[in-house]
Every structure is written in structure tokens, then in C-alpha cells.
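Colleague: The following file, start27.cif, comprises mmCIF, C-alpha atoms:
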```cif
data_work
loop_
_atom_site.label_atom_id
_atom_site.label_comp_id
_atom_site.auth_asym_id
_atom_site.auth_seq_id
_atom_site.Cartn_x
_atom_site.Cartn_y
_atom_site.Cartn_z
CA MET V 839 41.64 52.58 -79.62
CA LYS V 840 41.36 54.94 -76.66
CA ARG V 841 37.60 55.15 -77.17
CA THR V 842 37.32 51.34 -77.11
CA ILE V 843 39.33 51.13 -73.87
CA ALA V 844 37.18 53.85 -72.29
CA LEU V 845 33.97 52.01 -73.23
CA ALA V 846 35.32 48.75 -71.81
CA THR V 847 36.31 50.48 -68.58
CA LEU V 848 32.86 52.07 -68.26
CA THR V 849 31.11 48.73 -68.91
CA THR V 850 33.23 47.00 -66.24
CA ALA V 851 32.46 49.73 -63.71
CA LEU V 852 28.71 49.46 -64.38
CA LEU V 853 28.77 45.67 -63.99
CA MET V 854 30.68 45.93 -60.71
CA ALA V 855 28.22 48.53 -59.40
CA ALA V 856 25.22 46.37 -60.34
CA ALA V 857 26.65 43.13 -58.92
CA PRO V 858 25.59 43.68 -55.25
CA PHE V 859 22.00 44.42 -56.32
CA ALA V 860 21.92 41.33 -58.53
CA LEU V 861 23.25 39.18 -55.70
CA GLU V 862 20.68 40.62 -53.29
CA ARG V 863 17.82 39.92 -55.71
CA ALA V 864 19.10 36.39 -56.28
CA ALA V 865 19.27 35.82 -52.53
CA GLN V 866 15.69 37.01 -52.17
CA ALA V 867 14.50 34.77 -55.01
CA GLN V 868 16.13 31.66 -53.53
CA PRO V 869 15.01 30.94 -49.92
CA ALA V 870 17.86 30.13 -47.51
CA ARG V 871 18.41 26.42 -46.93
CA GLY V 872 16.75 25.30 -43.72
CA ALA V 873 14.34 28.26 -43.61
CA ALA V 874 11.22 26.10 -44.06
CA GLY V 875 12.14 23.85 -41.15
CA GLU V 876 13.10 26.79 -38.96
CA PHE V 877 9.80 28.56 -39.47
CA GLU V 878 7.92 25.30 -38.83
CA ARG V 879 9.81 25.08 -35.53
CA VAL V 880 8.98 28.72 -34.73
CA ARG V 881 5.27 28.06 -35.34
CA SER V 882 5.34 24.93 -33.19
CA VAL V 883 7.11 26.73 -30.32
CA MET V 884 4.74 29.71 -30.54
CA SER V 885 1.69 27.44 -30.44
CA ASP V 886 2.97 25.36 -27.52
CA ARG V 887 4.10 28.40 -25.52
CA PHE V 888 0.57 29.78 -25.17
CA LYS V 889 -0.90 26.35 -24.43
CA ASN V 890 1.68 25.70 -21.70
CA THR V 891 1.44 29.12 -20.01
CA LYS V 892 -0.16 28.46 -16.62
CA LEU V 893 -2.91 30.84 -15.55
CA THR V 894 -3.60 31.73 -11.91
CA GLY V 895 -7.05 33.31 -12.12
CA ASP V 896 -5.58 36.69 -11.12
CA PRO V 897 -6.24 38.96 -14.14
CA ASP V 898 -3.12 41.08 -13.59
CA LYS V 899 -0.78 38.10 -13.25
CA ASP V 900 -2.37 36.29 -16.18
CA PHE V 901 -2.19 39.39 -18.38
CA ALA V 902 1.52 39.79 -17.62
CA ALA V 903 2.27 36.09 -18.20
CA LEU V 904 0.47 35.96 -21.55
CA LEU V 905 1.97 39.27 -22.67
CA VAL V 906 5.51 38.10 -21.87
CA ALA V 907 4.83 34.91 -23.82
CA SER V 908 3.51 36.95 -26.76
CA PHE V 909 6.50 39.33 -26.81
CA GLU V 910 9.04 36.49 -26.49
CA GLU V 911 7.39 34.57 -29.32
CA THR V 912 7.54 37.69 -31.51
CA LEU V 913 11.25 38.01 -30.69
CA PHE V 914 11.76 34.36 -31.65
CA LEU V 915 10.02 34.97 -34.96
CA ALA V 916 12.05 38.13 -35.62
CA LYS V 917 15.29 36.23 -34.98
CA ALA V 918 14.30 33.59 -37.56
CA GLN V 919 13.66 36.34 -40.11
CA LEU V 920 17.06 37.92 -39.42
CA ASN V 921 18.75 34.52 -39.75
CA TYR V 922 17.07 33.51 -43.00
CA GLY V 923 15.16 36.42 -44.56
CA GLY V 924 16.56 38.54 -47.36
CA ASP V 925 14.01 41.33 -47.85
CA ARG V 926 15.45 44.59 -46.55
CA GLN V 927 12.14 46.04 -45.35
CA LEU V 928 11.19 42.88 -43.43
CA ARG V 929 14.65 42.71 -41.86
CA GLU V 930 14.24 46.31 -40.69
CA ILE V 931 10.89 45.38 -39.14
CA ALA V 932 12.50 42.38 -37.39
CA GLU V 933 15.30 44.58 -36.05
CA LYS V 934 12.75 47.11 -34.78
CA ILE V 935 10.89 44.30 -33.00
CA GLN V 936 14.09 43.26 -31.25
CA ASP V 937 14.80 46.84 -30.18
CA GLU V 938 11.28 47.50 -28.87
CA GLN V 939 10.12 44.19 -27.40
CA GLN V 940 13.06 43.35 -25.12
CA PRO V 941 12.61 46.43 -22.87
CA ARG V 942 8.90 45.59 -22.56
CA ILE V 943 9.71 42.01 -21.59
CA ASP V 944 12.23 43.22 -18.99
CA ALA V 945 9.67 45.64 -17.49
CA LEU V 946 6.99 42.94 -17.26
CA LYS V 947 9.36 40.43 -15.66
CA LYS V 948 10.45 43.03 -13.09
CA TRP V 949 6.77 43.57 -12.26
CA GLN V 950 6.28 39.81 -11.90
CA VAL V 951 9.20 39.58 -9.46
CA ARG V 952 8.04 42.66 -7.52
CA ARG V 953 4.47 41.30 -7.38
CA GLN V 954 5.69 38.18 -5.58
CA GLN V 955 7.39 40.14 -2.80
CA PRO V 956 5.64 40.01 0.60
CA ASP V 957 5.90 43.79 0.97
CA TYR V 958 4.43 44.52 -2.49
CA GLN V 959 2.26 47.63 -2.47
CA ALA V 960 -0.15 48.68 -5.19
CA GLN V 961 0.22 52.04 -6.90
CA PRO V 962 -1.76 54.98 -5.41
CA ASN V 963 -5.43 55.04 -6.53
CA GLU V 964 -4.99 51.56 -8.00
CA ALA V 965 -8.02 49.26 -7.99
CA ALA V 966 -7.55 45.85 -6.46
CA SER V 967 -7.19 42.91 -8.80
CA GLY V 968 -10.58 41.43 -9.66
CA THR V 969 -12.48 44.72 -9.24
CA GLY V 970 -12.60 45.82 -12.86
CA PRO V 971 -15.77 46.99 -14.67
CA LEU V 972 -16.91 43.47 -15.59
CA ASP V 973 -16.38 42.27 -12.00
CA ARG V 974 -18.57 45.12 -10.71
CA GLN V 975 -21.26 44.29 -13.26
CA ALA V 976 -21.16 40.65 -12.18
CA GLN V 977 -21.52 41.63 -8.52
CA ALA V 978 -24.41 43.98 -9.32
CA GLY V 979 -26.23 41.25 -11.21
CA ALA V 980 -25.65 38.58 -8.59
CA GLY V 981 -29.20 38.99 -7.27
CA GLN V 982 -30.85 38.78 -10.69
CA PRO V 983 -32.57 35.52 -11.72
CA PRO V 984 -30.44 33.37 -14.01
CA ALA V 985 -31.09 33.67 -17.72
CA GLN V 986 -32.93 30.83 -19.41
CA PRO V 987 -30.55 28.50 -21.25
CA ASP V 988 -30.65 28.47 -25.01
CA THR V 989 -32.55 25.35 -26.06
CA ALA V 990 -31.28 25.39 -29.64
CA PRO V 991 -29.20 22.28 -30.36
CA ALA V 992 -25.48 22.89 -30.57
CA ALA V 993 -23.88 22.48 -33.95
CA PRO V 994 -21.71 19.36 -34.21
CA ALA V 995 -17.98 19.99 -33.96
CA PRO V 996 -16.12 19.63 -37.26
CA ALA V 997 -14.23 16.39 -37.60
CA ALA V 998 -10.44 16.60 -37.45
CA SER V 999 -8.87 16.32 -40.85
CA ALA V 1000 -7.15 13.00 -41.39
CA ALA V 1001 -3.69 12.66 -42.86
CA PRO V 1002 -3.33 11.11 -46.32
CA ALA V 1003 -2.53 7.40 -46.22
CA ASN V 1004 0.21 7.65 -48.84
CA THR V 1005 2.63 9.88 -46.93
CA PRO V 1006 6.22 8.58 -47.32
CA LEU V 1007 8.15 6.87 -44.53
CA VAL V 1008 11.32 8.68 -43.42
CA SER V 1009 14.25 7.35 -41.39
CA GLY V 1010 14.99 8.82 -37.98
CA THR V 1011 16.34 8.17 -34.49
CA VAL V 1012 14.32 8.66 -31.31
CA GLN V 1013 15.92 11.27 -29.04
CA LYS V 1014 13.20 11.76 -26.41
CA ILE V 1015 9.66 10.56 -25.70
CA ASP V 1016 7.05 12.51 -23.73
CA GLU V 1017 4.02 10.23 -23.55
CA ALA V 1018 2.11 12.63 -21.28
CA ALA V 1019 2.32 15.40 -23.89
CA GLY V 1020 1.99 13.00 -26.81
CA LYS V 1021 5.31 14.16 -28.28
CA VAL V 1022 8.45 12.53 -29.63
CA THR V 1023 11.77 14.21 -30.47
CA LEU V 1024 13.35 12.78 -33.63
CA ASP V 1025 16.67 13.27 -35.40
CA HIS V 1026 15.44 12.64 -38.92
CA GLU V 1027 16.12 12.84 -42.63
CA ARG V 1028 14.36 15.27 -44.95
CA ILE V 1029 10.54 14.95 -44.99
CA PRO V 1030 9.71 15.51 -48.67
CA ASN V 1031 5.91 15.77 -48.55
CA ILE V 1032 6.05 18.81 -46.21
CA ASP V 1033 9.37 20.14 -47.55
CA MET V 1034 11.13 19.97 -44.18
CA ASP V 1035 14.91 19.61 -44.09
CA ALA V 1036 16.76 17.04 -41.99
CA MET V 1037 16.90 18.22 -38.36
CA THR V 1038 16.21 17.32 -34.73
CA MET V 1039 12.76 18.42 -33.59
CA ALA V 1040 9.90 17.51 -31.25
CA TYR V 1041 6.63 16.51 -32.94
CA LYS V 1042 3.10 15.88 -31.76
CA VAL V 1043 1.83 12.37 -32.47
CA GLN V 1044 -1.62 12.07 -34.04
CA ASP V 1045 -2.35 9.10 -31.75
CA PRO V 1046 -0.24 9.07 -28.52
CA ALA V 1047 -0.72 5.29 -28.33
CA LEU V 1048 1.75 5.04 -31.23
CA LEU V 1049 4.59 5.92 -28.83
CA LYS V 1050 4.21 2.80 -26.69
CA GLY V 1051 7.15 0.43 -26.96
CA PHE V 1052 9.67 2.99 -28.21
CA LYS V 1053 12.69 4.27 -26.31
CA PRO V 1054 15.45 6.85 -26.94
CA GLY V 1055 18.19 5.70 -29.30
CA GLU V 1056 15.95 3.46 -31.42
CA LYS V 1057 16.03 3.69 -35.20
CA VAL V 1058 12.57 4.26 -36.63
CA ARG V 1059 10.67 4.89 -39.84
CA PHE V 1060 7.90 7.45 -39.62
CA SER V 1061 5.60 9.67 -41.66
CA ALA V 1062 4.46 13.20 -40.87
CA ASP V 1063 1.92 15.58 -42.34
CA ARG V 1064 0.12 18.84 -41.64
CA ILE V 1065 -3.08 18.23 -39.71
CA ASN V 1066 -5.32 21.18 -38.82
CA GLY V 1067 -2.44 23.55 -39.57
CA SER V 1068 0.22 21.79 -37.45
CA ILE V 1069 2.74 19.06 -38.21
CA ALA V 1070 2.04 15.70 -36.58
CA ILE V 1071 3.48 12.19 -36.75
CA THR V 1072 0.88 9.99 -38.43
CA ARG V 1073 2.79 6.68 -38.45
CA ILE V 1074 5.89 5.41 -36.66
CA GLN V 1075 7.48 1.97 -36.63
CA LYS V 1076 10.78 0.40 -35.67
CA ALA V 1077 13.32 0.26 -38.48
CA ARG V 1078 14.13 -3.23 -39.72
#
```
What would you get if you wrote out this structure as C-alpha cells?
Modeller:
Amino acid sequence: MKRTIALATLTTALLMAAAPFALERAAQAQPARGAAGEFERVRSVMSDRFKNTKLTGDPDKDFAALLVASFEETLFLAKAQLNYGGDRQLREIAEKIQDEQQPRIDALKKWQVRRQQPDYQAQPNEAASGTGPLDRQAQAGAGQPPAQPDTAPAAPAPAASAAPANTPLVSGTVQKIDEAAGKVTLDHERIPNIDMDAMTMAYKVQDPALLKGFKPGEKVRFSADRINGSIAITRIQKAR
């Protein structure tokens, strides 16, 4: 009898010890709800951030601006992993990114502020902006005759991939329209063909002319698909 009780006690202890590992493996096997939509949003924000970063033509300023954008996008991606990811090693990498990137961002932004000051002074022995090795080569070759243009015909640009015509229509409500950027913000139901959960998000429109006649607050039916690696609205119409 005592031996049976001891075996039962040992079995219970082993099961309790293994439970956290089983739960962790189950969590890793089953992606967190909303993760797909969140990472789609991260990719969209990362893509738009670089496109919308304004360049000045000053190599130092442009380097700092693009580097800040790159670091902040990496932080955004790391935060999404910490919110939804389950793998311990990847979470450690995301935490390391947060610890290392923020001080770099702060240092770059301090430089940007200092660079705008009227009394800004360059570091000792610092070359002026626009006098790097390539600039000196360009100045040295200014008197050389121009190279003959390549007469070989340029290869035709690949055609943009079209969205399938059978993508399903999904219900949504217009929140904001940006015709200049060709974007519309929708509060929508789940989009099954791209496995995106219901959410509010800004989307590019495949043809900006589709946005004419719509206004915020309107109920719509729309379809979306991945085109050239990004999600775009392919059809949109007023709900009946």
C-alpha cells in the first residue's frame, strides 16, 4: 500500500514539473491570435517609414535620418515579437534589440538637434559634409570628357502582378481617406484569403481612383490581396 502511494506521489510530482514545459511548447505551436495582422501592420509601417523619410541632400543628415528610421523600425518589430512570440531565444534577441537600439536612437536624435543649432561646430579634424572620397573623385574627374552612353536597349520593366479576380468581399467601415497617398483606413472584419484578423488599419489601394466618392463613416464591402509583397485593396464598393 505504501509503495503504491509513493509511486502515485512521484507520478504527480513529475507531471507537475513537466506541465510548464508542455504549456510552453503548446504556446509555441499555436500562434497568438492577432499575430498575423500585427506583423502585417509592422511590415507596412516599416515599408512606409523609409519611403516617407525626407532627404536633404546632406549626406550626414540623410545618414542620421535613415539610421534613426531603421533603428525605430527594428524596435517596432522587436516589440511585436515580445507581444506575440513564444520562442525563448527569439524573445531574448528582441529584448537585446530594445536594450541596444534605444541608446543609439537617443544619441542620433541629440546629434540632429545639435546640428540644427546656429552655433554648431564640427569636431576637430572633421571633414566638411560633401567632401568624402567619392566627392573628391567626382571633383577630380570634372574636367574629363563624359563617358559614352550605353546604347544597349534597356530591358522592359516587369509587369506588376495582378490580384486574383475571385478574392472575397469583406465588410468594413471607412475611418479615413488619404487620396494623395492612395490609402484608406478601414475598420473591417476578418480577411480570410490573407488570414488577417478583424482590425482597424490603413491600406494602399491598387487604383487610387477607387477612393473617389467615399467618405469617413460609410459602410463598404472590399477585397484585399498581396500584390508585389504588400497588401492592397483591389476592390471597394458601398455596402447595400
Colleague: What does the PyMOL selection byres ((chain V and resi 1066-1073) around 8) select in this file, as a PyMOL selection string?
Modeller: chain V and resi 882+998-999+1001+1041-1045+1048+1060-1065+1074-1075
Colleague: Can you write just those residues out, C-alpha atoms, as a PDB file, in the frame of the given file?
Modeller:
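Listing of result.pdb after writing:
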```pdb
ATOM      1  CA  SER V 882       5.340  24.930 -33.190  1.00  0.00           C
ATOM      2  CA  ALA V 998     -10.440  16.600 -37.450  1.00  0.00           C
ATOM      3  CA  SER V 999      -8.870  16.320 -40.850  1.00  0.00           C
ATOM      4  CA  ALA V1001      -3.690  12.660 -42.860  1.00  0.00           C
ATOM      5  CA  TYR V1041       6.630  16.510 -32.940  1.00  0.00           C
ATOM      6  CA  LYS V1042       3.100  15.880 -31.760  1.00  0.00           C
ATOM      7  CA  VAL V1043       1.830  12.370 -32.470  1.00  0.00           C
ATOM      8  CA  GLN V1044      -1.620  12.070 -34.040  1.00  0.00           C
ATOM      9  CA  ASP V1045      -2.350   9.100 -31.750  1.00  0.00           C
ATOM     10  CA  LEU V1048       1.750   5.040 -31.230  1.00  0.00           C
ATOM     11  CA  PHE V1060       7.900   7.450 -39.620  1.00  0.00           C
ATOM     12  CA  SER V1061       5.600   9.670 -41.660  1.00  0.00           C
ATOM     13  CA  ALA V1062       4.460  13.200 -40.870  1.00  0.00           C
ATOM     14  CA  ASP V1063       1.920  15.580 -42.340  1.00  0.00           C
ATOM     15  CA  ARG V1064       0.120  18.840 -41.640  1.00  0.00           C
ATOM     16  CA  ILE V1065      -3.080  18.230 -39.710  1.00  0.00           C
ATOM     17  CA  ILE V1074       5.890   5.410 -36.660  1.00  0.00           C
ATOM     18  CA  GLN V1075       7.480   1.970 -36.630  1.00  0.00           C
TER      19      GLN V1075
END
```
Colleague: Using Å and a single decimal, report how far CA of Ile943 (chain V) sits from CA of Gly872 (chain V).
Modeller: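 Rounded to one decimal, the two atoms are 28.6 Å apart.
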Colleague: So that I can see what lies close to Val1058 (chain V), please list as a list in words the residues with an atom at most 10 Å from it, counting all atoms listed in the file and leaving out residues fewer than 6 positions away in the same chain.
Modeller: Leu1007, Val1008, Ser1009, Gly1010, Thr1011, Val1012, Leu1024, Asp1025, His1026, Phe1052, Ile1074, Gln1075, Lys1076, Ala1077 and Arg1078 of chain V
Colleague: Could those residues be written to a file, using C-alpha atoms, as a JSON list (two decimals), in the coordinates of the input?
Modeller:
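The result, written out as result_1.json:
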```json
[["chain", "number", "residue", "atom", "x", "y", "z"],
["V", 1007, "LEU", "CA", 8.15, 6.87, -44.53],
["V", 1008, "VAL", "CA", 11.32, 8.68, -43.42],
["V", 1009, "SER", "CA", 14.25, 7.35, -41.39],
["V", 1010, "GLY", "CA", 14.99, 8.82, -37.98],
["V", 1011, "THR", "CA", 16.34, 8.17, -34.49],
["V", 1012, "VAL", "CA", 14.32, 8.66, -31.31],
["V", 1024, "LEU", "CA", 13.35, 12.78, -33.63],
["V", 1025, "ASP", "CA", 16.67, 13.27, -35.40],
["V", 1026, "HIS", "CA", 15.44, 12.64, -38.92],
["V", 1052, "PHE", "CA", 9.67, 2.99, -28.21],
["V", 1074, "ILE", "CA", 5.89, 5.41, -36.66],
["V", 1075, "GLN", "CA", 7.48, 1.97, -36.63],
["V", 1076, "LYS", "CA", 10.78, 0.40, -35.67],
["V", 1077, "ALA", "CA", 13.32, 0.26, -38.48],
["V", 1078, "ARG", "CA", 14.13, -3.23, -39.72]]
```
Colleague: Set the distance at 10 Å and use only C-alpha atoms: which residues neighbour Val880 (chain V) once local chain neighbours fewer than 3 positions away are removed? I'd like the list as a ChimeraX atom specification.
Modeller: /V:874-877,883-886,911-912,914-918
Colleague: Excluding Glu938 (chain V) and any residue of its chain fewer than 3 positions from it, enumerate the residues within 12 Å of it, using only C-alpha atoms, and give them as a list in words.
Modeller: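 In the requested format, the answer is Phe909, Glu910, Thr912, Leu913, Ala916, Ile931, Ala932, Glu933, Lys934, Ile935, Pro941, Arg942, Ile943, Asp944 and Ala945 of chain V.
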Colleague: Measure the distance from CA of Thr1023 (chain V) to CA of Arg887 (chain V) in Å and round it to one decimal.
Modeller: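 Computed distance, CA of Thr1023 (chain V) to CA of Arg887 (chain V), equals 16.9 Å.
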Colleague: Please indicate the distance in Å from CA of Lys1021 (chain V) to CA of Pro1054 (chain V), rounded to one decimal place.
Modeller: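 Interatomic distance, CA of Lys1021 (chain V) to CA of Pro1054 (chain V): 12.6 Å.
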Colleague: Residues at most 12 Å from Ala873 (chain V), counting all atoms listed in the file, excluding those fewer than 4 positions away in the same chain, as a ChimeraX atom specification?
Modeller: /V:868-869,877-880,915,917-924,1033-1037
Colleague: Considering all atoms listed in the file, can you say which of V:Lys1053, V:Lys1014, V:Arg1059, V:Arg952 comes closest to Ile1029 (chain V)?
Modeller: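 The answer is V:Arg1059, which sits nearest to Ile1029 (chain V).
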Colleague: Can you turn the PyMOL selection byres ((chain V and resi 896-899) around 9) into a concrete residue list for this file, as a list in words?
Modeller: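 Answer for the PyMOL selection byres ((chain V and resi 896-899) around 9): Leu893, Thr894, Gly895, Asp900, Phe901, Ala902, Ala903, Leu904, Gln950, Arg953, Ser967 and Gly968 of chain V.
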